[in-house]
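Student: Got structure-v9.txt for you, compact mmCIF, N, CA and C atoms:
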# COMPACT_ATOMS: atom_id res chain seq x y z
N MET A 1 -43.70 218.92 81.79
CA MET A 1 -42.90 217.79 81.39
C MET A 1 -43.73 216.52 81.58
N ARG A 2 -43.76 215.72 80.55
CA ARG A 2 -44.55 214.51 80.59
C ARG A 2 -43.65 213.33 80.92
N ASP A 3 -44.19 212.38 81.68
CA ASP A 3 -43.44 211.18 82.06
C ASP A 3 -44.03 209.92 81.43
N ASP A 4 -44.71 210.06 80.33
CA ASP A 4 -45.30 208.90 79.68
C ASP A 4 -44.21 207.93 79.23
N GLY A 5 -44.37 206.64 79.57
CA GLY A 5 -43.44 205.62 79.12
C GLY A 5 -42.29 205.33 80.05
N THR A 6 -42.04 206.16 81.06
CA THR A 6 -40.88 205.92 81.92
C THR A 6 -41.09 204.70 82.80
N ILE A 7 -42.30 204.45 83.22
CA ILE A 7 -42.55 203.27 84.05
C ILE A 7 -42.39 202.00 83.22
N THR A 8 -42.66 202.04 81.95
CA THR A 8 -42.52 200.88 81.08
C THR A 8 -41.06 200.47 80.98
N VAL A 9 -40.16 201.38 80.82
CA VAL A 9 -38.73 201.07 80.75
C VAL A 9 -38.27 200.45 82.07
N PHE A 10 -38.71 201.00 83.18
CA PHE A 10 -38.36 200.45 84.49
C PHE A 10 -38.86 199.02 84.65
N VAL A 11 -40.09 198.76 84.25
CA VAL A 11 -40.68 197.42 84.36
C VAL A 11 -39.92 196.43 83.48
N VAL A 12 -39.54 196.83 82.29
CA VAL A 12 -38.80 195.95 81.39
C VAL A 12 -37.44 195.60 82.00
N ILE A 13 -36.75 196.57 82.54
CA ILE A 13 -35.43 196.32 83.14
C ILE A 13 -35.54 195.42 84.36
N VAL A 14 -36.50 195.68 85.22
CA VAL A 14 -36.68 194.85 86.41
C VAL A 14 -37.09 193.43 86.03
N THR A 15 -37.96 193.31 85.04
CA THR A 15 -38.39 191.98 84.58
C THR A 15 -37.22 191.19 84.02
N MET A 16 -36.37 191.83 83.24
CA MET A 16 -35.20 191.15 82.69
C MET A 16 -34.24 190.73 83.81
N ALA A 17 -34.05 191.60 84.79
CA ALA A 17 -33.17 191.25 85.91
C ALA A 17 -33.73 190.07 86.70
N LEU A 18 -35.02 190.04 86.92
CA LEU A 18 -35.64 188.91 87.62
C LEU A 18 -35.54 187.62 86.82
N LEU A 19 -35.72 187.69 85.51
CA LEU A 19 -35.58 186.51 84.68
C LEU A 19 -34.15 185.97 84.69
N LEU A 20 -33.18 186.87 84.64
CA LEU A 20 -31.77 186.44 84.70
C LEU A 20 -31.44 185.81 86.05
N THR A 21 -31.96 186.38 87.10
CA THR A 21 -31.74 185.81 88.44
C THR A 21 -32.38 184.43 88.54
N ALA A 22 -33.60 184.31 88.05
CA ALA A 22 -34.27 183.00 88.05
C ALA A 22 -33.50 182.01 87.18
N GLY A 23 -32.93 182.47 86.08
CA GLY A 23 -32.12 181.62 85.21
C GLY A 23 -30.88 181.12 85.91
N LEU A 24 -30.23 182.01 86.67
CA LEU A 24 -29.05 181.58 87.44
C LEU A 24 -29.40 180.51 88.46
N VAL A 25 -30.51 180.69 89.12
CA VAL A 25 -30.94 179.71 90.12
C VAL A 25 -31.32 178.40 89.45
N LEU A 26 -32.18 178.45 88.45
CA LEU A 26 -32.66 177.24 87.79
C LEU A 26 -31.53 176.51 87.07
N ASP A 27 -30.84 177.20 86.19
CA ASP A 27 -29.80 176.54 85.40
C ASP A 27 -28.57 176.20 86.25
N GLY A 28 -28.29 177.00 87.27
CA GLY A 28 -27.21 176.65 88.20
C GLY A 28 -27.52 175.37 88.95
N GLY A 29 -28.76 175.21 89.36
CA GLY A 29 -29.18 173.98 90.02
C GLY A 29 -29.12 172.79 89.07
N ARG A 30 -29.49 173.02 87.83
CA ARG A 30 -29.40 171.94 86.84
C ARG A 30 -27.95 171.53 86.61
N LEU A 31 -27.03 172.49 86.61
CA LEU A 31 -25.61 172.16 86.45
C LEU A 31 -25.09 171.35 87.63
N LEU A 32 -25.47 171.74 88.83
CA LEU A 32 -25.03 170.99 90.02
C LEU A 32 -25.59 169.57 90.00
N ALA A 33 -26.84 169.43 89.62
CA ALA A 33 -27.44 168.09 89.54
C ALA A 33 -26.78 167.26 88.45
N ALA A 34 -26.43 167.90 87.33
CA ALA A 34 -25.78 167.18 86.23
C ALA A 34 -24.37 166.73 86.63
N ARG A 35 -23.67 167.54 87.41
CA ARG A 35 -22.34 167.12 87.89
C ARG A 35 -22.45 165.89 88.78
N ARG A 36 -23.43 165.89 89.65
CA ARG A 36 -23.64 164.74 90.53
C ARG A 36 -24.01 163.52 89.69
N GLU A 37 -24.89 163.69 88.71
CA GLU A 37 -25.30 162.58 87.85
C GLU A 37 -24.12 162.05 87.03
N ALA A 38 -23.28 162.96 86.52
CA ALA A 38 -22.11 162.52 85.75
C ALA A 38 -21.15 161.73 86.63
N ALA A 39 -20.97 162.14 87.87
CA ALA A 39 -20.10 161.40 88.79
C ALA A 39 -20.69 160.02 89.08
N ASP A 40 -22.00 159.95 89.26
CA ASP A 40 -22.66 158.65 89.49
C ASP A 40 -22.51 157.74 88.27
N ILE A 41 -22.71 158.30 87.10
CA ILE A 41 -22.59 157.51 85.88
C ILE A 41 -21.16 156.99 85.72
N ALA A 42 -20.17 157.86 85.95
CA ALA A 42 -18.77 157.44 85.82
C ALA A 42 -18.43 156.34 86.82
N GLY A 43 -18.90 156.48 88.05
CA GLY A 43 -18.63 155.47 89.07
C GLY A 43 -19.28 154.14 88.74
N ASN A 44 -20.53 154.18 88.31
CA ASN A 44 -21.23 152.94 87.96
C ASN A 44 -20.61 152.28 86.73
N ALA A 45 -20.20 153.08 85.76
CA ALA A 45 -19.55 152.52 84.57
C ALA A 45 -18.21 151.88 84.93
N ALA A 46 -17.45 152.54 85.81
CA ALA A 46 -16.17 151.97 86.24
C ALA A 46 -16.38 150.66 86.99
N ARG A 47 -17.39 150.60 87.83
CA ARG A 47 -17.69 149.35 88.54
C ARG A 47 -18.11 148.25 87.58
N ALA A 48 -18.88 148.61 86.55
CA ALA A 48 -19.28 147.61 85.55
C ALA A 48 -18.04 147.07 84.83
N GLY A 49 -17.11 147.95 84.51
CA GLY A 49 -15.88 147.50 83.86
C GLY A 49 -14.99 146.69 84.78
N ALA A 50 -14.96 147.02 86.06
CA ALA A 50 -14.11 146.30 87.01
C ALA A 50 -14.62 144.90 87.28
N GLN A 51 -15.86 144.61 86.92
CA GLN A 51 -16.39 143.27 87.09
C GLN A 51 -15.95 142.32 85.98
N ALA A 52 -15.32 142.83 84.96
CA ALA A 52 -14.86 142.01 83.84
C ALA A 52 -13.49 141.43 84.16
N VAL A 53 -13.44 140.56 85.15
CA VAL A 53 -12.19 139.97 85.62
C VAL A 53 -11.82 138.78 84.75
N ASP A 54 -10.55 138.65 84.42
CA ASP A 54 -10.03 137.51 83.68
C ASP A 54 -10.14 136.27 84.57
N GLU A 55 -10.94 135.30 84.16
CA GLU A 55 -11.21 134.12 85.00
C GLU A 55 -9.96 133.29 85.27
N HIS A 56 -9.07 133.17 84.28
CA HIS A 56 -7.86 132.37 84.49
C HIS A 56 -6.97 133.00 85.56
N GLU A 57 -6.84 134.29 85.53
CA GLU A 57 -6.03 134.99 86.54
C GLU A 57 -6.71 134.93 87.91
N LEU A 58 -8.03 135.00 87.92
CA LEU A 58 -8.76 134.96 89.18
C LEU A 58 -8.58 133.60 89.88
N ARG A 59 -8.54 132.54 89.10
CA ARG A 59 -8.34 131.20 89.68
C ARG A 59 -6.97 131.07 90.32
N SER A 60 -6.03 131.87 89.84
CA SER A 60 -4.69 131.83 90.45
C SER A 60 -4.57 132.81 91.62
N GLY A 61 -5.68 133.47 91.96
CA GLY A 61 -5.70 134.36 93.12
C GLY A 61 -5.43 135.82 92.83
N ARG A 62 -5.32 136.18 91.56
CA ARG A 62 -5.07 137.58 91.20
C ARG A 62 -6.28 138.15 90.48
N ALA A 63 -6.63 139.37 90.81
CA ALA A 63 -7.75 140.05 90.14
C ALA A 63 -7.19 140.93 89.04
N VAL A 64 -7.16 140.38 87.83
CA VAL A 64 -6.70 141.13 86.66
C VAL A 64 -7.88 141.29 85.73
N ILE A 65 -8.11 142.50 85.30
CA ILE A 65 -9.27 142.81 84.47
C ILE A 65 -8.97 142.50 83.01
N ASP A 66 -9.92 141.88 82.34
CA ASP A 66 -9.83 141.65 80.90
C ASP A 66 -10.15 142.98 80.22
N PRO A 67 -9.15 143.62 79.59
CA PRO A 67 -9.37 144.98 79.06
C PRO A 67 -10.48 145.07 78.01
N VAL A 68 -10.56 144.09 77.12
CA VAL A 68 -11.57 144.14 76.06
C VAL A 68 -12.97 144.01 76.68
N ALA A 69 -13.14 143.05 77.59
CA ALA A 69 -14.44 142.87 78.23
C ALA A 69 -14.81 144.08 79.08
N ALA A 70 -13.83 144.70 79.73
CA ALA A 70 -14.10 145.88 80.56
C ALA A 70 -14.57 147.05 79.71
N VAL A 71 -13.89 147.29 78.60
CA VAL A 71 -14.28 148.40 77.71
C VAL A 71 -15.68 148.14 77.15
N ASP A 72 -15.97 146.90 76.81
CA ASP A 72 -17.30 146.56 76.31
C ASP A 72 -18.37 146.77 77.39
N ALA A 73 -18.08 146.36 78.63
CA ALA A 73 -19.05 146.52 79.72
C ALA A 73 -19.33 147.99 79.99
N VAL A 74 -18.29 148.81 79.95
CA VAL A 74 -18.47 150.26 80.15
C VAL A 74 -19.30 150.84 79.01
N ALA A 75 -19.02 150.43 77.78
CA ALA A 75 -19.76 150.95 76.63
C ALA A 75 -21.23 150.58 76.71
N VAL A 76 -21.52 149.36 77.14
CA VAL A 76 -22.92 148.93 77.28
C VAL A 76 -23.61 149.77 78.34
N TYR A 77 -22.94 150.01 79.47
CA TYR A 77 -23.56 150.82 80.52
C TYR A 77 -23.77 152.26 80.04
N LEU A 78 -22.75 152.85 79.42
CA LEU A 78 -22.87 154.25 78.99
C LEU A 78 -23.93 154.43 77.92
N ALA A 79 -24.20 153.38 77.14
CA ALA A 79 -25.23 153.49 76.10
C ALA A 79 -26.61 153.73 76.69
N SER A 80 -26.80 153.37 77.95
CA SER A 80 -28.11 153.55 78.58
C SER A 80 -28.21 154.88 79.34
N THR A 81 -27.21 155.74 79.18
CA THR A 81 -27.19 157.02 79.89
C THR A 81 -27.08 158.17 78.89
N PRO A 82 -27.28 159.41 79.35
CA PRO A 82 -27.11 160.55 78.45
C PRO A 82 -25.66 160.98 78.30
N ALA A 83 -24.73 160.24 78.88
CA ALA A 83 -23.32 160.62 78.87
C ALA A 83 -22.53 159.83 77.83
N THR A 84 -21.41 160.40 77.42
CA THR A 84 -20.44 159.68 76.60
C THR A 84 -19.18 159.56 77.43
N GLY A 85 -18.33 158.61 77.09
CA GLY A 85 -17.17 158.43 77.94
C GLY A 85 -15.99 157.77 77.27
N ARG A 86 -14.91 157.74 78.04
CA ARG A 86 -13.66 157.13 77.61
C ARG A 86 -13.19 156.22 78.74
N THR A 87 -12.67 155.06 78.39
CA THR A 87 -12.29 154.05 79.38
C THR A 87 -10.80 153.75 79.27
N ARG A 88 -10.16 153.61 80.44
CA ARG A 88 -8.77 153.16 80.50
C ARG A 88 -8.69 152.01 81.49
N VAL A 89 -7.97 150.95 81.11
CA VAL A 89 -7.79 149.80 81.98
C VAL A 89 -6.30 149.63 82.22
N ALA A 90 -5.93 149.53 83.51
CA ALA A 90 -4.53 149.31 83.88
C ALA A 90 -4.49 148.31 85.03
N GLY A 91 -4.12 147.08 84.71
CA GLY A 91 -4.03 146.05 85.75
C GLY A 91 -5.38 145.73 86.34
N ASP A 92 -5.56 146.09 87.60
CA ASP A 92 -6.84 145.79 88.28
C ASP A 92 -7.71 147.02 88.45
N THR A 93 -7.44 148.08 87.68
CA THR A 93 -8.17 149.34 87.83
C THR A 93 -8.78 149.78 86.50
N VAL A 94 -10.04 150.19 86.57
CA VAL A 94 -10.75 150.76 85.41
C VAL A 94 -11.03 152.22 85.71
N SER A 95 -10.62 153.11 84.81
CA SER A 95 -10.90 154.54 84.92
C SER A 95 -11.86 154.94 83.82
N VAL A 96 -12.86 155.72 84.19
CA VAL A 96 -13.86 156.17 83.22
C VAL A 96 -14.00 157.68 83.31
N ASP A 97 -13.86 158.34 82.18
CA ASP A 97 -14.11 159.79 82.06
C ASP A 97 -15.41 159.95 81.30
N VAL A 98 -16.34 160.72 81.84
CA VAL A 98 -17.61 160.94 81.14
C VAL A 98 -17.83 162.43 80.88
N ARG A 99 -18.56 162.70 79.82
CA ARG A 99 -18.98 164.05 79.45
C ARG A 99 -20.48 164.00 79.24
N MET A 100 -21.16 165.02 79.77
CA MET A 100 -22.61 165.04 79.65
C MET A 100 -23.07 166.46 79.33
N PRO A 101 -23.85 166.63 78.28
CA PRO A 101 -24.34 167.97 77.93
C PRO A 101 -25.48 168.40 78.85
N VAL A 102 -25.53 169.70 79.12
CA VAL A 102 -26.61 170.28 79.92
C VAL A 102 -27.17 171.47 79.13
N THR A 103 -28.46 171.43 78.88
CA THR A 103 -29.12 172.51 78.14
C THR A 103 -29.52 173.61 79.12
N MET A 104 -29.14 174.84 78.80
CA MET A 104 -29.53 175.99 79.60
C MET A 104 -30.94 176.40 79.21
N LEU A 105 -31.83 176.44 80.17
CA LEU A 105 -33.22 176.77 79.88
C LEU A 105 -33.44 178.28 79.83
N LEU A 106 -33.38 178.93 80.98
CA LEU A 106 -33.62 180.38 81.01
C LEU A 106 -32.41 181.17 80.56
N LEU A 107 -31.21 180.72 80.93
CA LEU A 107 -30.02 181.46 80.51
C LEU A 107 -29.79 181.33 79.00
N GLY A 108 -30.34 180.29 78.40
CA GLY A 108 -30.26 180.16 76.95
C GLY A 108 -30.99 181.30 76.25
N LEU A 109 -32.04 181.81 76.88
CA LEU A 109 -32.75 182.96 76.32
C LEU A 109 -31.90 184.22 76.35
N ALA A 110 -30.94 184.26 77.28
CA ALA A 110 -30.06 185.42 77.41
C ALA A 110 -28.79 185.25 76.59
N GLY A 111 -28.70 184.18 75.81
CA GLY A 111 -27.54 184.00 74.95
C GLY A 111 -26.44 183.12 75.55
N VAL A 112 -26.66 182.59 76.75
CA VAL A 112 -25.67 181.69 77.34
C VAL A 112 -25.87 180.32 76.71
N GLY A 113 -24.79 179.78 76.14
CA GLY A 113 -24.89 178.50 75.45
C GLY A 113 -25.00 177.33 76.40
N ASP A 114 -25.21 176.16 75.83
CA ASP A 114 -25.28 174.94 76.61
C ASP A 114 -23.93 174.65 77.25
N ALA A 115 -23.94 173.86 78.32
CA ALA A 115 -22.72 173.53 79.05
C ALA A 115 -22.48 172.02 78.97
N THR A 116 -21.27 171.63 79.28
CA THR A 116 -20.91 170.22 79.36
C THR A 116 -20.24 169.98 80.69
N VAL A 117 -20.72 168.98 81.42
CA VAL A 117 -20.09 168.63 82.70
C VAL A 117 -19.29 167.35 82.49
N THR A 118 -18.22 167.21 83.27
CA THR A 118 -17.36 166.04 83.17
C THR A 118 -17.16 165.43 84.54
N ALA A 119 -16.80 164.17 84.54
CA ALA A 119 -16.48 163.47 85.80
C ALA A 119 -15.53 162.33 85.48
N ASN A 120 -14.72 161.98 86.45
CA ASN A 120 -13.80 160.85 86.34
C ASN A 120 -13.92 160.01 87.60
N ARG A 121 -14.07 158.71 87.41
CA ARG A 121 -14.12 157.79 88.54
C ARG A 121 -13.33 156.55 88.20
N GLN A 122 -12.86 155.88 89.25
CA GLN A 122 -12.09 154.65 89.09
C GLN A 122 -12.71 153.56 89.94
N ALA A 123 -12.54 152.32 89.50
CA ALA A 123 -12.96 151.16 90.29
C ALA A 123 -11.84 150.12 90.17
N ARG A 124 -11.64 149.40 91.24
CA ARG A 124 -10.58 148.41 91.28
C ARG A 124 -11.18 147.05 91.57
N ALA A 125 -10.73 146.05 90.84
CA ALA A 125 -11.18 144.69 91.08
C ALA A 125 -10.45 144.14 92.29
N ALA A 126 -11.15 143.39 93.10
CA ALA A 126 -10.55 142.79 94.30
C ALA A 126 -10.97 141.33 94.38
N THR A 127 -10.12 140.51 94.98
CA THR A 127 -10.42 139.08 95.07
C THR A 127 -11.21 138.73 96.30
N GLY A 128 -11.29 139.58 97.26
CA GLY A 128 -12.04 139.30 98.48
C GLY A 128 -11.58 140.18 99.61
N VAL A 129 -11.88 139.78 100.82
CA VAL A 129 -11.49 140.56 101.99
C VAL A 129 -9.98 140.52 102.13
N SER A 130 -9.37 141.69 102.23
CA SER A 130 -7.92 141.74 102.32
C SER A 130 -7.43 142.19 103.69
N GLU A 131 -8.32 142.63 104.56
CA GLU A 131 -7.92 143.08 105.88
C GLU A 131 -8.85 142.47 106.92
N THR A 132 -8.33 142.28 108.10
CA THR A 132 -9.18 141.80 109.18
C THR A 132 -9.74 142.99 109.94
N GLY A 133 -10.87 142.77 110.57
CA GLY A 133 -11.51 143.85 111.34
C GLY A 133 -10.79 144.09 112.65
N PRO A 134 -11.27 145.07 113.44
CA PRO A 134 -10.61 145.40 114.73
C PRO A 134 -10.75 144.31 115.76
Give the structure from this file in structure tokens form.
Tutor:
Amino acid sequence: MRDDGTITVFVVIVTMALLLTAGLVLDGGRLLAARREAADIAGNAARAGAQAVDEHELRSGRAVIDPVAAVDAVAVYLASTPATGRTRVAGDTVSVDVRMPVTMLLLGLAGVGDATVTANRQARAATGVSETGP
């Protein structure tokens, strides 16, 4: 009985398993990093929008966000990032939802498609110190 070629099948299977494992590690790490980046982008965009305070309301002591200026500020910030987003303004709070695509490098070779990570952050406009320290 001849065993020609049996080691080749074993090597191919082990190589594929190692590549898939490396893909899980590499692309899984990329997904975790992208989630953190999406959260940072959403937070920074919300803060940019929360800085668009209506000056007339601020002079009267209230921090009310100008919705049009806030949406514009968020759009300008998001244009400099790989993310897209949606903005909501309610009173003194800006909420930003972002979506960011992540390309699968090694898992893409195995047929796993690209992923999209999302994040939501809020920022609130404030007029100054509202509490005293201990």
Student: Could you name the residues that touch range 44-55 of chain A at 12 Å or less, counting only C-alpha atoms, but leaving out those on the same chain fewer than 5 positions away, as a PyMOL selection string?
Tutor: chain A and resi 37-39+60-81+83-98+119-127
Student: Would you export the selected residues with N, CA and C atoms as a short mmCIF file (atom, residue, chain, number, x, y, z; two decimals), in the coordinates of the input, please?
Tutor:
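result-v1.cif, freshly written:
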data_model
loop_
_atom_site.label_atom_id
_atom_site.label_comp_id
_atom_site.auth_asym_id
_atom_site.auth_seq_id
_atom_site.Cartn_x
_atom_site.Cartn_y
_atom_site.Cartn_z
N GLU A 37 -24.89 163.69 88.71
CA GLU A 37 -25.30 162.58 87.85
C GLU A 37 -24.12 162.05 87.03
N ALA A 38 -23.28 162.96 86.52
CA ALA A 38 -22.11 162.52 85.75
C ALA A 38 -21.15 161.73 86.63
N ALA A 39 -20.97 162.14 87.87
CA ALA A 39 -20.10 161.40 88.79
C ALA A 39 -20.69 160.02 89.08
N SER A 60 -6.03 131.87 89.84
CA SER A 60 -4.69 131.83 90.45
C SER A 60 -4.57 132.81 91.62
N GLY A 61 -5.68 133.47 91.96
CA GLY A 61 -5.70 134.36 93.12
C GLY A 61 -5.43 135.82 92.83
N ARG A 62 -5.32 136.18 91.56
CA ARG A 62 -5.07 137.58 91.20
C ARG A 62 -6.28 138.15 90.48
N ALA A 63 -6.63 139.37 90.81
CA ALA A 63 -7.75 140.05 90.14
C ALA A 63 -7.19 140.93 89.04
N VAL A 64 -7.16 140.38 87.83
CA VAL A 64 -6.70 141.13 86.66
C VAL A 64 -7.88 141.29 85.73
N ILE A 65 -8.11 142.50 85.30
CA ILE A 65 -9.27 142.81 84.47
C ILE A 65 -8.97 142.50 83.01
N ASP A 66 -9.92 141.88 82.34
CA ASP A 66 -9.83 141.65 80.90
C ASP A 66 -10.15 142.98 80.22
N PRO A 67 -9.15 143.62 79.59
CA PRO A 67 -9.37 144.98 79.06
C PRO A 67 -10.48 145.07 78.01
N VAL A 68 -10.56 144.09 77.12
CA VAL A 68 -11.57 144.14 76.06
C VAL A 68 -12.97 144.01 76.68
N ALA A 69 -13.14 143.05 77.59
CA ALA A 69 -14.44 142.87 78.23
C ALA A 69 -14.81 144.08 79.08
N ALA A 70 -13.83 144.70 79.73
CA ALA A 70 -14.10 145.88 80.56
C ALA A 70 -14.57 147.05 79.71
N VAL A 71 -13.89 147.29 78.60
CA VAL A 71 -14.28 148.40 77.71
C VAL A 71 -15.68 148.14 77.15
N ASP A 72 -15.97 146.90 76.81
CA ASP A 72 -17.30 146.56 76.31
C ASP A 72 -18.37 146.77 77.39
N ALA A 73 -18.08 146.36 78.63
CA ALA A 73 -19.05 146.52 79.72
C ALA A 73 -19.33 147.99 79.99
N VAL A 74 -18.29 148.81 79.95
CA VAL A 74 -18.47 150.26 80.15
C VAL A 74 -19.30 150.84 79.01
N ALA A 75 -19.02 150.43 77.78
CA ALA A 75 -19.76 150.95 76.63
C ALA A 75 -21.23 150.58 76.71
N VAL A 76 -21.52 149.36 77.14
CA VAL A 76 -22.92 148.93 77.28
C VAL A 76 -23.61 149.77 78.34
N TYR A 77 -22.94 150.01 79.47
CA TYR A 77 -23.56 150.82 80.52
C TYR A 77 -23.77 152.26 80.04
N LEU A 78 -22.75 152.85 79.42
CA LEU A 78 -22.87 154.25 78.99
C LEU A 78 -23.93 154.43 77.92
N ALA A 79 -24.20 153.38 77.14
CA ALA A 79 -25.23 153.49 76.10
C ALA A 79 -26.61 153.73 76.69
N SER A 80 -26.80 153.37 77.95
CA SER A 80 -28.11 153.55 78.58
C SER A 80 -28.21 154.88 79.34
N THR A 81 -27.21 155.74 79.18
CA THR A 81 -27.19 157.02 79.89
C THR A 81 -27.08 158.17 78.89
N ALA A 83 -24.73 160.24 78.88
CA ALA A 83 -23.32 160.62 78.87
C ALA A 83 -22.53 159.83 77.83
N THR A 84 -21.41 160.40 77.42
CA THR A 84 -20.44 159.68 76.60
C THR A 84 -19.18 159.56 77.43
N GLY A 85 -18.33 158.61 77.09
CA GLY A 85 -17.17 158.43 77.94
C GLY A 85 -15.99 157.77 77.27
N ARG A 86 -14.91 157.74 78.04
CA ARG A 86 -13.66 157.13 77.61
C ARG A 86 -13.19 156.22 78.74
N THR A 87 -12.67 155.06 78.39
CA THR A 87 -12.29 154.05 79.38
C THR A 87 -10.80 153.75 79.27
N ARG A 88 -10.16 153.61 80.44
CA ARG A 88 -8.77 153.16 80.50
C ARG A 88 -8.69 152.01 81.49
N VAL A 89 -7.97 150.95 81.11
CA VAL A 89 -7.79 149.80 81.98
C VAL A 89 -6.30 149.63 82.22
N ALA A 90 -5.93 149.53 83.51
CA ALA A 90 -4.53 149.31 83.88
C ALA A 90 -4.49 148.31 85.03
N GLY A 91 -4.12 147.08 84.71
CA GLY A 91 -4.03 146.05 85.75
C GLY A 91 -5.38 145.73 86.34
N ASP A 92 -5.56 146.09 87.60
CA ASP A 92 -6.84 145.79 88.28
C ASP A 92 -7.71 147.02 88.45
N THR A 93 -7.44 148.08 87.68
CA THR A 93 -8.17 149.34 87.83
C THR A 93 -8.78 149.78 86.50
N VAL A 94 -10.04 150.19 86.57
CA VAL A 94 -10.75 150.76 85.41
C VAL A 94 -11.03 152.22 85.71
N SER A 95 -10.62 153.11 84.81
CA SER A 95 -10.90 154.54 84.92
C SER A 95 -11.86 154.94 83.82
N VAL A 96 -12.86 155.72 84.19
CA VAL A 96 -13.86 156.17 83.22
C VAL A 96 -14.00 157.68 83.31
N ASP A 97 -13.86 158.34 82.18
CA ASP A 97 -14.11 159.79 82.06
C ASP A 97 -15.41 159.95 81.30
N VAL A 98 -16.34 160.72 81.84
CA VAL A 98 -17.61 160.94 81.14
C VAL A 98 -17.83 162.43 80.88
N ALA A 119 -16.80 164.17 84.54
CA ALA A 119 -16.48 163.47 85.80
C ALA A 119 -15.53 162.33 85.48
N ASN A 120 -14.72 161.98 86.45
CA ASN A 120 -13.80 160.85 86.34
C ASN A 120 -13.92 160.01 87.60
N ARG A 121 -14.07 158.71 87.41
CA ARG A 121 -14.12 157.79 88.54
C ARG A 121 -13.33 156.55 88.20
N GLN A 122 -12.86 155.88 89.25
CA GLN A 122 -12.09 154.65 89.09
C GLN A 122 -12.71 153.56 89.94
N ALA A 123 -12.54 152.32 89.50
CA ALA A 123 -12.96 151.16 90.29
C ALA A 123 -11.84 150.12 90.17
N ARG A 124 -11.64 149.40 91.24
CA ARG A 124 -10.58 148.41 91.28
C ARG A 124 -11.18 147.05 91.57
N ALA A 125 -10.73 146.05 90.84
CA ALA A 125 -11.18 144.69 91.08
C ALA A 125 -10.45 144.14 92.29
N ALA A 126 -11.15 143.39 93.10
CA ALA A 126 -10.55 142.79 94.30
C ALA A 126 -10.97 141.33 94.38
N THR A 127 -10.12 140.51 94.98
CA THR A 127 -10.42 139.08 95.07
C THR A 127 -11.21 138.73 96.30
#
Student: Can you tell me how far atom C of Thr21 in chain A sits from CA of Met100 in chain A, in Å to one decimal?
Tutor: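 These two atoms are separated by 23.5 Å.
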Student: Would you give me, as a ChimeraX atom specification, the residues in range 35-113 of chain A that DSSP reads as alpha helix (DSSP H)?
Tutor: /A:35-50,55-59,67-79,106-109
Student: Just list as a list in words whatever in chain A DSSP marks as strand (DSSP E or B).
Tutor: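 The strand (DSSP E or B) subset of chain A is Val53, Ile65, Thr84, Gly85, Arg86, Thr87, Arg88, Val89, Ala90, Thr93, Val94, Ser95, Val96, Asp97, Val98, Arg99, Met100, Pro101, Val102, Ala115, Thr116, Val117, Thr118, Ala119, Asn120, Arg121, Gln122, Ala123 and Arg124 of chain A.
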Student: What does the distance between atom C of Ala17 in chain A and atom N of Asp114 in chain A come to in Å, to one decimal place?
Tutor: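 Separating atom C of Ala17 in chain A from atom N of Asp114 in chain A is a distance of 19.6 Å.
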Student: Using all atoms listed in the file, determine which residues lie at most 6 Å from Ala115 in chain A, disregarding the query and same-chain residues fewer than 5 positions distant; provide the list as a list of chain:residue names.
Tutor: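 Listed by chain and then number, they are A:Met100, A:Pro101, A:Val102, A:Thr103, A:Met104.
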Student: Filtering to N, CA and C atoms, could you give me those residues as a compact mmCIF listing (two decimals), in the frame of the given file?
Tutor:
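Output file again.txt is given in full below:
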# COMPACT_ATOMS: atom_id res chain seq x y z
N MET A 100 -21.16 165.02 79.77
CA MET A 100 -22.61 165.04 79.65
C MET A 100 -23.07 166.46 79.33
N PRO A 101 -23.85 166.63 78.28
CA PRO A 101 -24.34 167.97 77.93
C PRO A 101 -25.48 168.40 78.85
N VAL A 102 -25.53 169.70 79.12
CA VAL A 102 -26.61 170.28 79.92
C VAL A 102 -27.17 171.47 79.13
N THR A 103 -28.46 171.43 78.88
CA THR A 103 -29.12 172.51 78.14
C THR A 103 -29.52 173.61 79.12
N MET A 104 -29.14 174.84 78.80
CA MET A 104 -29.53 175.99 79.60
C MET A 104 -30.94 176.40 79.21
Student: For range 11-28 of chain A, what centre and edge lengths in Å (one decimal) does the axis-aligned box get once 3 Å is added on each side of all its listed atoms, as AutoDock Vina command-line options?
Tutor:
--center_x -33.9 --center_y 187.1 --center_z 85.8 --size_x 19.5 --size_y 29.4 --size_z 14.7
Student: So how far away is atom N of Ile41 in chain A from CA of Ala22 in chain A, in Å?
Tutor: 27.3 Å
Student: Measuring atom to atom with only C-alpha atoms, identify which of A:Asp40, A:Thr8, A:His56, A:Leu109 is nearest to Gly23 in chain A.
Tutor: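 Result for the nearest residue to Gly23 in chain A: A:Leu109.
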Student: Using only C-alpha atoms, which of the listed residues (A:Ile7, A:Leu19, A:Glu57, A:Ile13) sits closest to Gly108 in chain A?
Tutor: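 Under the stated criterion, the closest residue is A:Leu19.
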